[in-house]
Amino acid sequence: MLVVKTAEPYAEALLSFAVSNDALTETQRDINTIFQLLQNSKDLKGFLANPFIPSDAKKNVLKDLLGESITDSSLTFLMLLVDRRRIDILESVIQKFRELCYKRDSLEIAKLTSAVPFSTEQLKELADKLKALTGAKKIKYALRVDPYLIGGFKVEIDSKLLDASIRGQLTKLSRMLGK
């Protein structure tokens, strides 16, 4: 929780800077590039999180890896995180930045877990219901199939969970019966 609270002001500042400089699209693209790099390299994550590695070494690595593929302002933002010894929370900053962009665009991320894959029509119908429920203009899915649910689905938006799975219903019934 502390990491998220620390990451939030950096994400807000990045969003504010991007909007005020009419560079939100480019900044979002840069953030996605950085995120993919972090996801593909555990060594890089460990390197950046290591407090014993000098800041100059971290800056040089980031410049070498990203200097040609992101804008100067995004690279400057990364250098700021290194200078303030916050580069270790970069993934949290990225996550919070994305959340703020989604809120700005009235887009909600729905984590949908189902026993079997949903059809396109089912996803559209569910999106319409979720829009009405949340007031969002758009719904974006993070899909996962989990046969352990037996049947049905679970949807998580923000901190709310809608469990319409057979497994969830059986668990609820079991609790009611005191087992």
# chains A, B, ... in the order shown; residues from 1 in each chain; ligands from 1
>>> closest_atom_pairs(of="stretch 86-155 of chain A", to="stretch 5-18 of chain A", cutoff="8 Å", atoms="only C-alpha atoms", output="JSON lines")
{"residue": "A:Ile89", "atom": "CA", "partner": "A:Ala7", "partner_atom": "CA", "distance": 6.6}
{"residue": "A:Leu90", "atom": "CA", "partner": "A:Ala7", "partner_atom": "CA", "distance": 7.7}
{"residue": "A:Ser92", "atom": "CA", "partner": "A:Ala7", "partner_atom": "CA", "distance": 5.8}
{"residue": "A:Val93", "atom": "CA", "partner": "A:Ala7", "partner_atom": "CA", "distance": 4.7}
{"residue": "A:Ile94", "atom": "CA", "partner": "A:Ala11", "partner_atom": "CA", "distance": 7.0}
{"residue": "A:Lys96", "atom": "CA", "partner": "A:Ala11", "partner_atom": "CA", "distance": 5.9}
{"residue": "A:Phe97", "atom": "CA", "partner": "A:Ala11", "partner_atom": "CA", "distance": 4.6}
{"residue": "A:Leu100", "atom": "CA", "partner": "A:Glu12", "partner_atom": "CA", "distance": 7.4}
{"residue": "A:Cys101", "atom": "CA", "partner": "A:Leu15", "partner_atom": "CA", "distance": 7.5}
>>> select_by_dssp(residues="chain A", states="strand (DSSP E)", output="PyMOL selection string")
chain A and resi 107-114+138-145+152-157+160-165
>>> write_last_selection(atoms="C-alpha atoms", output="JSON list (two decimals), in the first residue's frame")
[["chain", "number", "residue", "atom", "x", "y", "z"],
["A", 107, "LEU", "CA", -12.65, 3.57, -19.17],
["A", 108, "GLU", "CA", -12.88, 0.78, -16.64],
["A", 109, "ILE", "CA", -10.77, -2.37, -16.61],
["A", 110, "ALA", "CA", -12.83, -5.47, -15.86],
["A", 111, "LYS", "CA", -10.87, -8.54, -14.80],
["A", 112, "LEU", "CA", -13.06, -11.31, -16.19],
["A", 113, "THR", "CA", -12.39, -14.88, -15.15],
["A", 114, "SER", "CA", -14.63, -17.52, -16.67],
["A", 138, "LYS", "CA", -15.86, 2.06, -22.16],
["A", 139, "ILE", "CA", -15.02, -1.33, -20.68],
["A", 140, "LYS", "CA", -11.71, -3.03, -21.35],
["A", 141, "TYR", "CA", -11.27, -6.68, -20.39],
["A", 142, "ALA", "CA", -8.41, -8.56, -18.81],
["A", 143, "LEU", "CA", -9.52, -12.09, -19.70],
["A", 144, "ARG", "CA", -8.61, -15.32, -17.95],
["A", 145, "VAL", "CA", -10.06, -18.83, -18.26],
["A", 152, "GLY", "CA", -20.07, -19.12, -14.79],
["A", 153, "PHE", "CA", -17.70, -16.21, -14.28],
["A", 154, "LYS", "CA", -16.21, -13.64, -11.89],
["A", 155, "VAL", "CA", -15.75, -9.95, -12.70],
["A", 156, "GLU", "CA", -13.55, -7.59, -10.69],
["A", 157, "ILE", "CA", -13.71, -3.84, -11.28],
["A", 160, "LYS", "CA", -15.66, -4.72, -6.39],
["A", 161, "LEU", "CA", -16.15, -8.41, -7.13],
["A", 162, "LEU", "CA", -19.16, -9.96, -8.82],
["A", 163, "ASP", "CA", -18.99, -13.75, -8.42],
["A", 164, "ALA", "CA", -21.46, -15.54, -10.68],
["A", 165, "SER", "CA", -19.49, -18.80, -10.78]]
>>> closest_residue(among="A:Glu26, A:Glu68, A:Asp43, A:Asp105", to="A:Lys137", atoms="only C-alpha atoms")
A:Asp105
>>> atom_distance(atom1="atom CA of A:Arg85", atom2="atom CA of A:Asp56")
11.6 Å
>>> closest_residue(among="A:Ile166, A:Leu65, A:Leu173, A:Ile34", to="A:Phe77", atoms="only C-alpha atoms")
A:Ile34
>>> residues_around(residues="stretch 86-88 of chain A", least_positions_apart="6", cutoff="8 Å", atoms="only C-alpha atoms", output="mmCIF file with N, CA and C atoms, in the first residue's frame")
data_model
loop_
_atom_site.group_PDB
_atom_site.id
_atom_site.type_symbol
_atom_site.label_atom_id
_atom_site.label_comp_id
_atom_site.auth_asym_id
_atom_site.auth_seq_id
_atom_site.Cartn_x
_atom_site.Cartn_y
_atom_site.Cartn_z
ATOM 1 N N LYS A 45 14.813 -5.373 -13.794
ATOM 2 C CA LYS A 45 14.057 -5.006 -12.591
ATOM 3 C C LYS A 45 14.942 -5.095 -11.348
ATOM 4 N N LEU A 48 17.577 -2.247 -11.356
ATOM 5 C CA LEU A 48 17.033 -0.939 -10.986
ATOM 6 C C LEU A 48 16.651 -0.871 -9.513
ATOM 7 N N ALA A 49 16.207 -1.986 -8.951
ATOM 8 C CA ALA A 49 15.780 -2.011 -7.546
ATOM 9 C C ALA A 49 16.946 -2.099 -6.575
ATOM 10 N N ASN A 50 18.116 -2.456 -7.049
ATOM 11 C CA ASN A 50 19.277 -2.638 -6.181
ATOM 12 C C ASN A 50 19.792 -1.285 -5.674
ATOM 13 N N LEU A 78 12.274 9.243 -16.251
ATOM 14 C CA LEU A 78 12.987 8.087 -15.679
ATOM 15 C C LEU A 78 14.228 8.539 -14.915
#
>>> select_by_dssp(residues="chain A", states="helix (DSSP H, G or I)", output="MDAnalysis selection string")
chainID A and resid 2:20 24:40 42:49 55:66 72:83 87:104 120:134 147:149 166:176
>>> write_last_selection(atoms="C-alpha atoms", output="short mmCIF file (atom, residue, chain, number, x, y, z; two decimals), in the first residue's frame")
data_model
loop_
_atom_site.label_atom_id
_atom_site.label_comp_id
_atom_site.auth_asym_id
_atom_site.auth_seq_id
_atom_site.Cartn_x
_atom_site.Cartn_y
_atom_site.Cartn_z
CA LEU A 2 2.86 2.37 0.80
CA VAL A 3 4.36 1.82 -2.67
CA VAL A 4 1.06 2.77 -4.32
CA LYS A 5 0.82 5.94 -2.21
CA THR A 6 4.39 6.83 -3.13
CA ALA A 7 3.81 6.07 -6.82
CA GLU A 8 0.63 8.14 -7.13
CA PRO A 9 2.17 11.65 -7.08
CA TYR A 10 4.71 10.64 -9.72
CA ALA A 11 1.99 9.18 -11.94
CA GLU A 12 -0.17 12.28 -11.47
CA ALA A 13 2.76 14.56 -12.33
CA LEU A 14 3.56 12.54 -15.45
CA LEU A 15 -0.07 12.66 -16.59
CA SER A 16 -0.32 16.38 -15.88
CA PHE A 17 2.89 17.07 -17.79
CA ALA A 18 1.79 14.95 -20.75
CA VAL A 19 -1.62 16.62 -20.95
CA SER A 20 -0.26 20.15 -20.59
CA LEU A 24 -0.45 12.15 -23.84
CA THR A 25 -0.51 9.70 -26.75
CA GLU A 26 3.28 9.67 -27.00
CA THR A 27 3.68 9.34 -23.24
CA GLN A 28 1.24 6.42 -23.13
CA ARG A 29 3.21 4.74 -25.93
CA ASP A 30 6.47 5.33 -24.04
CA ILE A 31 4.99 3.94 -20.82
CA ASN A 32 3.89 0.81 -22.69
CA THR A 33 7.39 0.41 -24.14
CA ILE A 34 8.97 0.74 -20.70
CA PHE A 35 6.46 -1.66 -19.17
CA GLN A 36 7.15 -4.30 -21.84
CA LEU A 37 10.88 -3.96 -21.25
CA LEU A 38 10.41 -4.49 -17.51
CA GLN A 39 8.12 -7.47 -18.06
CA ASN A 40 10.65 -9.12 -20.38
CA LYS A 42 13.76 -9.66 -14.50
CA ASP A 43 17.47 -8.80 -14.52
CA LEU A 44 16.66 -5.19 -15.37
CA LYS A 45 14.06 -5.01 -12.59
CA GLY A 46 16.58 -6.37 -10.10
CA PHE A 47 19.26 -4.00 -11.36
CA LEU A 48 17.03 -0.94 -10.99
CA ALA A 49 15.78 -2.01 -7.55
CA SER A 55 22.54 6.19 -9.94
CA ASP A 56 24.85 6.97 -12.86
CA ALA A 57 25.01 3.29 -13.79
CA LYS A 58 21.22 3.04 -13.72
CA LYS A 59 20.86 6.16 -15.84
CA ASN A 60 23.36 4.88 -18.41
CA VAL A 61 21.57 1.54 -18.71
CA LEU A 62 18.19 3.23 -19.12
CA LYS A 63 19.60 5.62 -21.74
CA ASP A 64 21.20 2.73 -23.65
CA LEU A 65 18.06 0.59 -23.55
CA LEU A 66 15.40 3.25 -24.10
CA ASP A 72 13.14 12.83 -24.32
CA SER A 73 10.52 13.90 -21.79
CA SER A 74 9.79 10.27 -20.81
CA LEU A 75 13.51 9.57 -20.51
CA THR A 76 13.87 12.69 -18.35
CA PHE A 77 11.07 11.37 -16.14
CA LEU A 78 12.99 8.09 -15.68
CA MET A 79 16.13 10.04 -14.78
CA LEU A 80 14.12 11.96 -12.18
CA LEU A 81 12.96 8.68 -10.63
CA VAL A 82 16.59 7.52 -10.47
CA ASP A 83 17.74 10.81 -8.91
CA ILE A 87 13.15 3.94 -9.79
CA ASP A 88 12.40 0.79 -7.78
CA ILE A 89 8.68 1.73 -7.81
CA LEU A 90 8.59 2.26 -11.58
CA GLU A 91 6.10 -0.56 -12.17
CA SER A 92 3.73 0.92 -9.59
CA VAL A 93 4.07 4.35 -11.19
CA ILE A 94 3.24 2.81 -14.58
CA GLN A 95 0.21 1.00 -13.16
CA LYS A 96 -1.08 4.15 -11.46
CA PHE A 97 -0.43 6.23 -14.59
CA ARG A 98 -2.50 3.79 -16.65
CA GLU A 99 -5.32 3.88 -14.08
CA LEU A 100 -5.35 7.67 -14.17
CA CYS A 101 -5.46 7.64 -17.99
CA TYR A 102 -8.35 5.17 -17.93
CA LYS A 103 -10.28 7.33 -15.46
CA ARG A 104 -9.62 10.38 -17.60
CA THR A 120 -17.73 -11.79 -28.67
CA GLU A 121 -21.48 -11.31 -28.25
CA GLN A 122 -21.35 -12.33 -24.57
CA LEU A 123 -18.48 -9.89 -23.96
CA LYS A 124 -20.48 -7.09 -25.61
CA GLU A 125 -23.59 -7.83 -23.53
CA LEU A 126 -21.56 -7.96 -20.32
CA ALA A 127 -19.80 -4.71 -21.25
CA ASP A 128 -23.18 -2.99 -21.70
CA LYS A 129 -24.29 -4.15 -18.24
CA LEU A 130 -20.99 -3.14 -16.64
CA LYS A 131 -21.16 0.31 -18.27
CA ALA A 132 -24.60 0.82 -16.79
CA LEU A 133 -23.39 -0.41 -13.40
CA THR A 134 -20.22 1.68 -13.26
CA PRO A 147 -11.96 -24.28 -15.36
CA TYR A 148 -11.74 -24.52 -11.55
CA LEU A 149 -14.77 -22.19 -11.44
CA ILE A 166 -20.79 -22.17 -9.75
CA ARG A 167 -17.79 -22.59 -7.48
CA GLY A 168 -18.59 -19.28 -5.80
CA GLN A 169 -22.21 -20.28 -5.31
CA LEU A 170 -21.18 -23.63 -3.83
CA THR A 171 -18.77 -21.89 -1.45
CA LYS A 172 -21.51 -19.49 -0.39
CA LEU A 173 -23.93 -22.36 0.18
CA SER A 174 -21.32 -24.23 2.20
CA ARG A 175 -20.81 -21.19 4.46
CA MET A 176 -24.55 -20.85 4.97
#
>>> atom_distance(atom1="atom CA of A:Ala115", atom2="atom CA of A:Asp146")
5.0 Å
>>> atom_distance(atom1="atom CA of A:Ser106", atom2="atom CA of A:Ala136")
5.2 Å
